[in-house]
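The next block is target.txt, given as compact mmCIF, C-alpha atoms.
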```txt
# COMPACT_ATOMS: atom_id res chain seq x y z
CA MET A 1 33.60 3.61 99.61
CA SER A 2 30.06 2.32 100.31
CA VAL A 3 26.96 4.44 100.54
CA ASP A 4 24.41 3.58 103.23
CA PRO A 5 20.69 3.62 102.28
CA PRO A 6 18.51 6.35 103.79
CA SER A 7 17.74 5.69 107.44
CA SER A 8 14.02 5.69 106.76
CA GLY A 9 14.25 2.66 104.48
CA ARG A 10 12.10 4.47 101.78
CA PRO A 11 13.22 5.73 98.39
CA THR A 12 13.50 9.48 98.09
CA GLY A 13 12.53 9.61 94.44
CA PRO A 14 12.14 7.54 91.27
CA PRO A 15 15.02 5.22 90.69
CA SER A 16 17.34 6.00 87.85
CA GLY A 17 17.37 2.42 86.66
CA PRO A 18 15.74 -0.94 87.23
CA LEU A 19 14.77 -1.63 90.81
CA SER A 20 17.20 -3.79 92.65
CA GLY A 21 16.13 -6.69 94.75
CA PRO A 22 13.13 -8.95 94.32
CA SER A 23 9.89 -7.42 92.99
CA GLN A 24 7.73 -9.74 95.06
CA PRO A 25 7.74 -10.49 98.79
CA PRO A 26 9.51 -13.65 99.97
CA SER A 27 7.70 -16.86 99.22
CA GLY A 28 7.72 -18.05 102.78
CA GLY A 29 3.99 -17.31 103.09
CA GLY A 30 4.20 -15.06 106.16
CA PRO A 31 5.22 -11.48 106.84
CA PRO A 32 8.89 -10.67 106.39
CA SER A 33 11.04 -11.44 109.42
CA GLU A 34 11.99 -8.60 111.74
CA PRO A 35 15.59 -7.48 111.60
CA PRO A 36 17.78 -8.57 114.50
CA SER A 37 17.09 -6.46 117.58
CA GLY A 38 20.67 -6.44 118.62
CA GLY A 39 21.67 -4.06 115.86
CA GLY A 40 24.41 -6.42 114.75
CA GLY A 41 26.17 -5.73 111.49
CA GLY A 42 24.97 -9.00 109.93
CA GLY A 43 21.27 -7.95 109.58
CA LYS A 44 19.66 -6.63 106.38
CA GLU A 45 17.29 -3.74 106.02
CA PRO A 46 13.75 -4.80 104.90
CA GLU A 47 13.24 -4.55 101.15
CA PRO A 48 11.51 -1.29 100.25
CA ARG A 49 7.96 -1.62 98.86
CA ARG A 50 7.63 -1.29 95.14
CA PRO A 51 6.59 2.29 94.27
CA TRP A 52 3.25 2.95 92.51
CA TRP A 53 4.88 3.67 89.17
CA GLY A 54 6.13 0.11 89.09
CA SER A 55 2.51 -1.20 88.78
CA VAL A 56 1.54 0.40 85.47
CA PRO A 57 0.55 -2.93 83.84
CA ARG A 58 -1.74 -3.65 86.75
CA VAL A 59 -3.34 -0.21 86.52
CA ALA A 60 -3.82 -0.67 82.76
CA ILE A 61 -5.58 -4.00 83.27
CA ILE A 62 -7.94 -2.50 85.85
CA ALA A 63 -8.69 0.50 83.63
CA THR A 64 -9.44 -1.76 80.66
CA ALA A 65 -11.82 -3.86 82.73
CA VAL A 66 -13.66 -0.73 83.93
CA VAL A 67 -14.04 0.60 80.38
CA ALA A 68 -15.33 -2.75 79.13
CA ALA A 69 -17.88 -2.89 81.95
CA VAL A 70 -19.13 0.61 81.12
CA VAL A 71 -19.47 -0.19 77.40
CA LEU A 72 -21.35 -3.40 78.16
CA ALA A 73 -23.71 -1.58 80.50
CA VAL A 74 -24.46 1.04 77.85
CA VAL A 75 -25.16 -1.59 75.17
CA LEU A 76 -27.41 -3.68 77.38
CA SER A 77 -29.35 -0.65 78.56
CA ARG A 78 -30.30 0.48 75.03
CA PRO A 79 -34.09 0.37 74.60
CA ASP A 80 -33.83 -1.44 71.26
CA ASN A 81 -31.76 -4.34 72.50
CA GLY A 82 -32.71 -7.71 73.95
CA GLY A 83 -35.86 -9.79 73.75
CA THR A 84 -37.76 -10.27 70.53
CA GLY A 85 -39.51 -7.97 68.15
CA ALA A 86 -39.24 -6.12 64.91
CA SER A 87 -36.29 -3.84 65.01
CA ASP A 88 -33.54 -5.93 66.51
CA GLY A 89 -34.88 -8.21 69.14
CA GLY A 90 -36.23 -5.71 71.61
CA THR A 91 -39.61 -6.07 73.24
CA SER A 92 -41.36 -2.86 72.30
CA THR A 93 -45.09 -3.41 72.36
CA ALA A 94 -45.46 0.23 73.35
CA SER A 95 -43.40 1.76 70.55
CA GLY A 96 -46.55 3.40 69.18
CA GLU A 97 -45.81 3.05 65.45
CA VAL A 98 -47.86 1.36 62.73
CA PHE A 99 -46.62 0.76 59.19
CA LEU A 100 -49.08 1.56 56.37
CA GLN A 101 -48.93 -1.00 53.55
CA PRO A 102 -50.66 -0.29 50.22
CA ALA A 103 -52.37 -3.29 48.65
CA ALA A 104 -50.00 -3.70 45.70
CA ASP A 105 -46.81 -2.94 47.61
CA THR A 106 -44.63 -5.93 48.42
CA GLY A 107 -43.31 -4.18 51.51
CA PRO A 108 -40.14 -4.85 53.49
CA ASP A 109 -38.61 -8.21 54.41
CA GLU A 110 -40.80 -10.34 52.17
CA PHE A 111 -40.85 -14.10 52.67
CA THR A 112 -41.57 -14.89 49.01
CA GLU A 113 -42.35 -13.28 45.70
CA SER A 114 -45.93 -12.16 45.23
CA THR A 115 -48.52 -14.86 44.64
CA ALA A 116 -51.44 -12.43 44.27
CA GLN A 117 -53.48 -13.34 41.19
CA GLU A 118 -55.89 -10.40 41.15
CA ASP A 119 -55.47 -6.68 41.07
CA SER A 120 -56.86 -4.83 44.06
CA SER A 121 -60.39 -5.15 42.73
CA ALA A 122 -62.44 -5.52 45.91
CA SER A 123 -64.88 -2.67 46.46
CA PRO A 124 -63.98 -0.89 49.74
CA VAL A 125 -66.62 -0.56 52.42
CA THR A 126 -66.92 1.43 55.64
CA PRO A 127 -67.95 -0.55 58.74
CA SER A 128 -71.36 0.20 60.20
CA GLY A 129 -72.45 0.04 63.79
CA ASP A 130 -70.54 1.88 66.49
CA THR A 131 -69.47 5.24 65.07
CA GLU A 132 -67.73 6.66 68.09
CA SER A 133 -64.06 7.42 67.75
CA ALA A 134 -61.85 4.66 69.02
CA PRO A 135 -59.89 5.91 72.04
CA GLN A 136 -56.22 5.27 72.54
CA ASN A 137 -55.46 1.54 72.78
CA ALA A 138 -58.75 0.60 71.11
CA VAL A 139 -59.73 -0.42 67.60
CA ARG A 140 -62.96 -1.28 65.84
CA GLY A 141 -63.39 -5.04 65.63
CA VAL A 142 -65.33 -7.02 63.00
CA ASN A 143 -66.19 -10.71 63.31
CA GLY A 144 -64.42 -12.93 60.79
CA ASP A 145 -67.70 -14.42 59.54
CA ALA A 146 -69.37 -11.07 58.80
CA PRO A 147 -70.96 -10.98 55.31
CA GLY A 148 -69.17 -8.47 53.12
CA LEU A 149 -66.01 -8.37 55.19
CA TYR A 150 -64.15 -9.86 52.23
CA GLY A 151 -64.44 -9.56 48.49
CA GLY A 152 -62.97 -10.80 45.24
CA THR A 153 -63.98 -12.24 41.91
CA ARG A 154 -66.19 -15.30 41.70
CA ASN A 155 -64.30 -18.44 40.61
CA VAL A 156 -60.97 -16.60 40.82
CA ALA A 157 -58.59 -17.09 43.75
CA SER A 158 -56.90 -13.89 44.90
CA CYS A 159 -53.78 -15.88 45.82
CA ASP A 160 -51.97 -18.81 44.14
CA VAL A 161 -51.57 -21.19 47.06
CA GLU A 162 -49.66 -23.85 45.13
CA LYS A 163 -47.16 -21.26 43.94
CA GLN A 164 -46.73 -20.16 47.54
CA ILE A 165 -46.01 -23.74 48.59
CA LYS A 166 -43.45 -24.11 45.79
CA TYR A 167 -41.61 -20.99 46.95
CA PHE A 168 -41.25 -22.47 50.42
CA GLU A 169 -40.14 -25.84 49.09
CA ASP A 170 -37.29 -24.06 47.32
CA ALA A 171 -36.36 -22.06 50.44
CA PRO A 172 -36.36 -24.39 53.48
CA ASP A 173 -34.90 -21.72 55.77
CA LYS A 174 -37.83 -19.45 55.06
CA GLU A 175 -40.23 -22.35 55.42
CA ARG A 176 -38.85 -23.04 58.90
CA ALA A 177 -39.15 -19.37 59.86
CA PHE A 178 -42.73 -19.25 58.54
CA ALA A 179 -43.61 -22.39 60.50
CA SER A 180 -42.18 -20.92 63.69
CA VAL A 181 -44.49 -17.91 63.40
CA VAL A 182 -47.66 -19.93 62.83
CA ARG A 183 -46.53 -22.53 65.38
CA ILE A 184 -46.48 -25.61 63.23
CA GLN A 185 -43.80 -27.97 61.94
CA PRO A 186 -42.12 -27.06 58.63
CA SER A 187 -43.50 -30.24 57.08
CA GLU A 188 -47.02 -29.00 57.88
CA VAL A 189 -46.70 -25.73 55.95
CA PRO A 190 -48.21 -27.04 52.65
CA ALA A 191 -51.28 -28.46 54.38
CA TYR A 192 -51.64 -25.31 56.46
CA LEU A 193 -51.62 -23.06 53.39
CA ARG A 194 -54.12 -25.27 51.59
CA SER A 195 -56.47 -25.02 54.57
CA LEU A 196 -56.71 -21.22 54.18
CA THR A 197 -59.13 -19.29 51.96
CA PRO A 198 -57.98 -16.68 49.43
CA VAL A 199 -59.88 -13.37 49.72
CA GLN A 200 -59.40 -9.63 49.36
CA LEU A 201 -59.82 -7.22 52.25
CA ARG A 202 -62.65 -4.69 51.89
CA MET A 203 -61.53 -2.57 54.83
CA ASP A 204 -58.21 -1.14 55.94
CA THR A 205 -57.20 -3.82 58.42
CA ARG A 206 -54.78 -3.75 61.34
CA VAL A 207 -52.51 -6.79 61.79
CA THR A 208 -49.13 -7.88 63.07
CA ASN A 209 -47.01 -8.47 59.97
CA HIS A 210 -44.09 -10.91 60.15
CA GLY A 211 -41.23 -10.42 57.70
CA TYR A 212 -38.03 -12.36 57.08
CA LYS A 213 -34.56 -10.90 57.58
CA ASN A 214 -31.10 -12.31 58.34
CA GLY A 215 -32.46 -15.84 58.55
CA ALA A 216 -35.16 -15.14 61.13
CA PRO A 217 -38.72 -13.77 61.29
CA THR A 218 -39.37 -10.15 62.20
CA SER A 219 -42.62 -8.51 63.26
CA TYR A 220 -44.19 -5.08 63.28
CA GLN A 221 -47.63 -3.51 63.49
CA ALA A 222 -49.21 -2.74 60.12
CA VAL A 223 -52.40 -1.55 58.45
CA LEU A 224 -53.19 -3.37 55.20
CA GLN A 225 -55.10 -1.38 52.61
CA ALA A 226 -58.52 -2.52 51.46
CA GLY A 227 -58.00 -4.64 48.35
CA THR A 228 -55.03 -6.53 49.80
CA ALA A 229 -55.04 -10.20 48.82
CA THR A 230 -54.82 -12.42 51.89
CA LEU A 231 -55.38 -15.98 53.05
CA VAL A 232 -57.75 -16.30 56.00
CA ASP A 233 -58.30 -19.18 58.41
CA ASP A 234 -61.58 -20.94 59.21
CA ARG A 235 -62.45 -18.24 61.76
CA GLY A 236 -62.00 -15.50 59.17
CA VAL A 237 -58.71 -14.14 60.57
CA PRO A 238 -56.06 -13.00 58.04
CA ARG A 239 -53.04 -15.33 58.21
CA VAL A 240 -50.92 -14.67 55.07
CA ARG A 241 -50.36 -11.60 52.91
CA CYS A 242 -50.17 -12.83 49.32
CA ALA A 243 -48.07 -9.94 47.97
CA CYS A 244 -45.08 -11.05 50.04
CA GLY A 245 -45.89 -14.44 51.59
CA ASN A 246 -45.60 -12.96 55.08
CA PRO A 247 -47.50 -14.67 57.89
CA LEU A 248 -49.96 -12.45 59.75
CA SER A 249 -51.32 -12.52 63.28
CA PRO A 250 -53.71 -10.33 65.31
CA PRO A 251 -52.48 -6.85 66.26
CA VAL A 252 -50.79 -6.10 69.55
CA ALA A 253 -51.93 -3.65 72.22
CA GLN A 254 -49.79 -0.54 72.57
CA GLN A 255 -49.43 1.75 75.56
CA SER A 256 -49.21 4.99 73.62
CA ALA A 257 -51.17 6.54 70.78
CA PRO A 258 -49.73 4.97 67.60
CA LYS A 259 -48.21 7.00 64.79
CA THR A 260 -48.38 5.92 61.19
CA THR A 261 -45.25 5.23 59.17
CA GLY A 262 -45.05 4.80 55.42
CA THR A 263 -47.22 5.90 52.52
CA SER A 264 -50.94 6.43 52.99
CA TRP A 265 -53.55 6.03 50.26
CA PRO A 266 -56.59 8.05 49.15
CA GLY A 267 -59.46 7.63 51.57
CA TYR A 268 -57.33 6.40 54.47
CA LYS A 269 -58.68 7.34 57.90
CA SER A 270 -57.58 5.79 61.14
CA SER A 271 -61.17 5.88 62.37
CA ASN A 272 -62.12 3.41 59.63
CA VAL A 273 -59.37 0.89 60.38
CA VAL A 274 -60.62 -2.42 61.77
CA MET A 275 -59.18 -5.62 63.09
CA VAL A 276 -60.70 -9.03 62.45
CA THR A 277 -61.81 -10.96 65.52
CA PRO A 278 -62.27 -14.74 65.23
CA SER A 279 -65.79 -15.87 64.49
CA PRO A 280 -67.45 -17.74 67.38
CA LYS A 281 -67.42 -20.95 65.35
CA PRO A 282 -65.69 -22.20 62.19
CA VAL A 283 -66.92 -20.63 58.97
CA ASP A 284 -68.39 -22.99 56.38
CA GLU A 285 -68.83 -20.36 53.65
CA PHE A 286 -67.67 -16.77 53.33
CA VAL A 287 -70.24 -14.34 51.91
CA MET A 288 -68.21 -12.12 49.58
CA CYS A 289 -68.84 -9.14 47.31
CA GLU A 290 -67.61 -8.78 43.71
CA PRO A 291 -66.36 -5.45 42.32
CA ASP A 292 -69.59 -5.05 40.30
CA GLY A 293 -71.74 -5.41 43.41
CA GLU A 294 -72.77 -9.04 42.86
CA TRP A 295 -72.54 -11.43 45.80
CA PHE A 296 -71.28 -15.00 46.05
CA LYS A 297 -70.27 -17.60 48.60
CA ARG A 298 -66.89 -19.29 48.84
CA GLU A 299 -66.35 -22.43 50.87
CA ALA A 300 -63.66 -22.30 53.55
CA GLY A 301 -60.39 -23.68 52.20
CA ASP A 302 -61.58 -23.52 48.56
CA THR A 303 -59.73 -21.54 45.89
CA GLY A 304 -62.87 -20.48 44.05
CA ASP A 305 -63.80 -23.58 42.08
CA LYS A 306 -66.97 -24.08 44.12
CA ASP A 307 -68.05 -20.43 44.27
CA HIS A 308 -71.76 -19.84 43.73
CA LYS A 309 -73.93 -16.76 43.58
CA THR A 310 -76.04 -15.66 46.51
CA LYS A 311 -78.38 -12.81 47.28
CA LYS A 312 -77.27 -9.56 48.80
CA PRO A 313 -77.26 -9.79 52.63
CA ASP A 314 -79.65 -7.70 54.68
CA LYS A 315 -76.67 -5.89 56.20
CA PRO A 316 -74.08 -5.61 53.42
CA SER A 317 -71.82 -3.38 55.49
CA PRO A 318 -70.15 -5.36 58.32
CA SER A 319 -70.88 -4.11 61.79
CA ALA A 320 -67.96 -3.04 63.95
CA SER A 321 -67.66 -2.22 67.63
CA VAL A 322 -64.99 -0.35 69.55
CA THR A 323 -63.12 -2.70 71.84
CA THR A 324 -60.50 -2.00 74.45
CA PRO A 325 -57.73 -4.53 73.89
CA THR A 326 -55.79 -6.39 76.52
CA ALA A 327 -52.04 -6.22 76.84
CA PRO A 328 -50.15 -8.97 75.00
CA THR A 329 -49.04 -11.94 77.07
CA ASP A 330 -46.05 -12.72 74.86
CA SER A 331 -42.96 -10.73 73.92
CA THR A 332 -43.93 -9.14 70.66
CA SER A 333 -42.72 -6.26 68.64
CA SER A 334 -44.72 -3.37 67.38
CA GLN A 335 -42.03 -1.39 65.64
CA PRO A 336 -42.43 -0.65 61.95
CA PRO A 337 -39.52 -0.18 59.58
CA THR A 338 -37.24 2.48 60.99
CA SER A 339 -36.45 3.99 57.60
CA GLU A 340 -39.75 5.83 57.51
CA PRO A 341 -40.31 8.73 59.94
CA PRO A 342 -43.68 8.75 61.72
CA THR A 343 -45.87 11.36 60.14
CA SER A 344 -49.36 11.31 61.57
CA ASP A 345 -51.11 10.18 64.71
CA THR A 346 -53.61 7.38 64.63
CA ASP A 347 -55.84 5.95 67.24
CA THR A 348 -55.93 2.31 66.28
CA SER A 349 -54.32 -0.34 68.40
CA GLY A 350 -54.42 -3.66 70.07
CA PRO A 351 -55.81 -7.13 69.78
CA THR A 352 -59.11 -8.36 71.10
CA THR A 353 -58.16 -12.01 70.89
CA ASP A 354 -56.27 -14.18 73.31
CA GLU A 355 -53.77 -15.29 70.70
CA PRO A 356 -50.53 -13.32 70.90
CA PRO A 357 -48.17 -13.14 67.97
CA THR A 358 -45.11 -15.34 68.06
CA SER A 359 -41.88 -14.05 69.57
CA ASP A 360 -39.55 -13.17 66.72
CA THR A 361 -36.13 -11.78 66.19
CA GLN A 362 -36.58 -8.12 65.62
CA GLN A 363 -34.74 -6.43 62.77
CA PRO A 364 -35.65 -3.14 61.08
CA PRO A 365 -37.04 -3.84 57.62
CA PRO A 366 -35.03 -2.38 54.73
CA ASP A 367 -35.64 0.99 53.13
CA ASN A 368 -38.26 -0.22 50.68
CA ASN A 369 -40.63 2.73 50.94
CA THR A 370 -39.65 6.24 50.10
CA GLY A 371 -42.88 8.10 50.61
CA GLY A 372 -44.39 9.28 53.81
CA ASN A 373 -47.79 10.25 55.06
CA THR A 374 -47.67 13.99 55.38
CA GLY A 375 -50.98 14.70 56.95
CA GLY A 376 -52.78 13.70 60.10
CA ASP A 377 -56.09 11.88 60.27
CA THR A 378 -59.15 13.98 59.96
CA GLY A 379 -61.29 11.64 61.98
CA GLY A 380 -64.82 10.54 61.33
CA GLY A 381 -66.14 7.97 58.92
CA THR A 382 -66.63 8.09 55.19
CA THR A 383 -69.16 6.17 53.17
CA GLU A 384 -66.57 4.66 50.88
CA GLN A 385 -62.83 4.44 50.54
CA ALA A 386 -61.12 4.77 47.17
CA PRO A 387 -60.11 1.40 45.78
CA ALA A 388 -56.45 0.54 45.76
CA SER A 389 -54.58 1.35 42.63
```
Please, can you express the file's structure as C-alpha cells?
Amino acid sequence: MSVDPPSSGRPTGPPSGPLSGPSQPPSGGGPPSEPPSGGGGGGKEPEPRRPWWGSVPRVAIIATAVVAAVVLAVVLSRPDNGGTGASDGGTSTASGEVFLQPAADTGPDEFTESTAQEDSSASPVTPSGDTESAPQNAVRGVNGDAPGLYGGTRNVASCDVEKQIKYFEDAPDKERAFASVVRIQPSEVPAYLRSLTPVQLRMDTRVTNHGYKNGAPTSYQAVLQAGTATLVDDRGVPRVRCACGNPLSPPVAQQSAPKTTGTSWPGYKSSNVVMVTPSPKPVDEFVMCEPDGEWFKREAGDTGDKDHKTKKPDKPSPSASVTTPTAPTDSTSSQPPTSEPPTSDTDTSGPTTDEPPTSDTQQPPPDNNTGGNTGGDTGGGTTEQAPAS
C-alpha cells in the first residue's frame, strides 16, 4: 500500500534518514518544468527544496570567513602595526617617548661590540644663550661647529674606527642594514666611517638611534649622556654611537610631550638637553676641550694624530637657542624600548634639520635595562652636569 506525499509538497519535519531525490536542481539551466495541467497520473510532484539543516557545511564556511575577516581587521587596526619604526614597523612619530642612554651603556639592539677607546672623560657643559624653557615639540639646538660642543683627550681617538670597520666586514648583514640607514652602498661603509671624526659629547644630546634586530634596522628617540663617544660628520652632526656601532640621525618631531624611558644619570635635566644642528659649512677643525680644561683642535676626519693645542675660546660654553621643529617628512619611529615604563615627562623633541631619519623596520629593543627614572624633571639650567661614570 503506497503513501501519498503531503498535498502541500513541503516536508512536515526533519527527515528520519538521508533525503531522497537529487540534492541539486536539474541541470537543464532553467526553472523546473511545471507539472502537467491535466492532472494526469503520469506527472511528478516538484522536488521539495532542501531544508536549511541540509546546508550546515555552507553555513560553516560562511561563519569561518566572517571570523577570519574580523580577526584580520583587528590585527590591521592595531596602532603598533604597519609602516616602519622602532617597535614593530608602525609609524609612531607621536608616541611621545624618549629612551635615556648612559654613556657607558651599550643599550639595546647593538650593531657591533663597543669600539669606544676612552672612558667618559669629557667635562660636561651647560649650553649658554637662550635660557627659556623649551615648549612642547621644541628643543635647544647647537650648531655642529660650536667650540666646546665636543671634548676628548688630545691625540687619543674616542672610537676605534678600524675596529668598527672590521666588525662590519665580519657581519655583512649588519653592514647592509647600517648602509641602508645612512643611505649608502654597503661597499661604501668603510670609507664613510673613516670620513667621520671621533669625539665625546659634552652635553646630553637628543638623537634618533638606530639599532639592529631580526635582520633589520630599528629606530627610536634617545638622549645620549654627556661623555658618550660618537663619530660626527663634517657638519658636526653625530652619526655613530661607538659603544654599540649604531648609526644615528637627527631627532624626530613628536606631537605630544615626550616621556623619558630608561635610567637617568646624576645631573640630568630635560631643559639642558640639546640637539646638534648642521653647521652652515663643512668644519675644517673641531675646537675641543680636554678633561683638565686644556683646549685643542682636531681636523675633520682625523683620529687624533694631528691634534694640536689652541687657546681657550672667548665663549667656551656653546650657545643654544630654542627652536620649534617641523614634522618629519618620512615614516620614522619614535618609540623607545617597550620594556621600560615611562617615568618622567620631558619637554625635548624634534629635529630642526631637513634630513629625516631613514624608514626602518620597527621592533622593540630587548630588555637590556632594568632601572627606571623615578623622578620628574625639575626644570631650569645648572652650571655643570656630573660626568658620566
- Task: Pick out the residues sitting within 12 Å of Lys311 in chain A, and hand them over as a list in words; count only C-alpha atoms, and ignore anything fewer than 6 positions along from it in its own chain.
- Result: Pro147, Gly148, Val287, Met288, Cys289, Gly293, Glu294, Trp295, Phe296 and Lys297 of chain A
- Tell me, as JSON, numbers by chain, which residues lie within 7 Å of Ser249 in chain A, counting all atoms listed in the file; anything in the same chain fewer than 5 positions away does not count. {"A": [207, 208, 209, 239, 357]}
Once you have the residues from the selection above, write them out as a PDB file, in the coordinates of the input, restricted to C-alpha atoms.
```pdb
ATOM      1  CA  VAL A 207     -52.510  -6.790  61.790  1.00  0.00           C
ATOM      2  CA  THR A 208     -49.130  -7.880  63.070  1.00  0.00           C
ATOM      3  CA  ASN A 209     -47.010  -8.470  59.970  1.00  0.00           C
ATOM      4  CA  ARG A 239     -53.040 -15.330  58.210  1.00  0.00           C
ATOM      5  CA  PRO A 357     -48.170 -13.140  67.970  1.00  0.00           C
TER       6      PRO A 357
END
```
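With CA of Asn155 in chain A on one side and CA of Lys309 in chain A on the other, the separation reads 10.2 Å.
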What are the closest atom pairs, with distances in Å to one decimal, for all residues of range 156-241 of chain A lying within 9 Å of range 122-125 of chain A? Consider only C-alpha atoms, order rows by chain and residue number, and present the result as JSON lines.
```
{"residue": "A:Gln200", "atom": "CA", "partner": "A:Ala122", "partner_atom": "CA", "distance": 6.2}
{"residue": "A:Leu201", "atom": "CA", "partner": "A:Ala122", "partner_atom": "CA", "distance": 7.1}
{"residue": "A:Arg202", "atom": "CA", "partner": "A:Pro124", "partner_atom": "CA", "distance": 4.6}
{"residue": "A:Met203", "atom": "CA", "partner": "A:Pro124", "partner_atom": "CA", "distance": 5.9}
{"residue": "A:Asp204", "atom": "CA", "partner": "A:Pro124", "partner_atom": "CA", "distance": 8.5}
{"residue": "A:Ala226", "atom": "CA", "partner": "A:Pro124", "partner_atom": "CA", "distance": 6.0}
{"residue": "A:Gly227", "atom": "CA", "partner": "A:Ala122", "partner_atom": "CA", "distance": 5.1}
{"residue": "A:Thr228", "atom": "CA", "partner": "A:Ala122", "partner_atom": "CA", "distance": 8.4}
```
- Query: Quick one, how far is CA of Tyr268 in chain A from CA of Arg298 in chain A?
  - Reply: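 Taking CA of Tyr268 in chain A as the start and CA of Arg298 in chain A as the end point, the length is 28.0 Å.
One distance worth recording is that between CA of Ser180 in chain A and CA of Cys244 in chain A, which is 17.1 Å.
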Please give the centre and size of the box around range 224-239 of chain A (axis-aligned, containing every atom listed in the file, 6 Å added per side), with values in Å to one decimal and written as AutoDock Vina command-line options.
```
--center_x -57.7 --center_y -11.2 --center_z 55.1 --size_x 21.4 --size_y 31.6 --size_z 25.4
```
- Nearest-residue call for Glu118 in chain A, choices A:Ser158, A:Gln101, A:Thr260, A:Asn272, using all atoms listed in the file: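 Under the stated criterion, the closest residue is A:Ser158.
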- Message: Could you list, as a PyMOL selection string, every residue within 12 Å of Ser319 in chain A, counting all atoms listed in the file and ignoring same-chain residues fewer than 3 positions away?
- Response: chain A and resi 125-131+140-149+203+272+274-277+314-316+322
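Of the residues listed (A:Val161, A:Val252, A:Val237, A:Leu100), A:Val252 shows the shortest atom-to-atom separation from Ser219 in chain A; distances use only C-alpha atoms.
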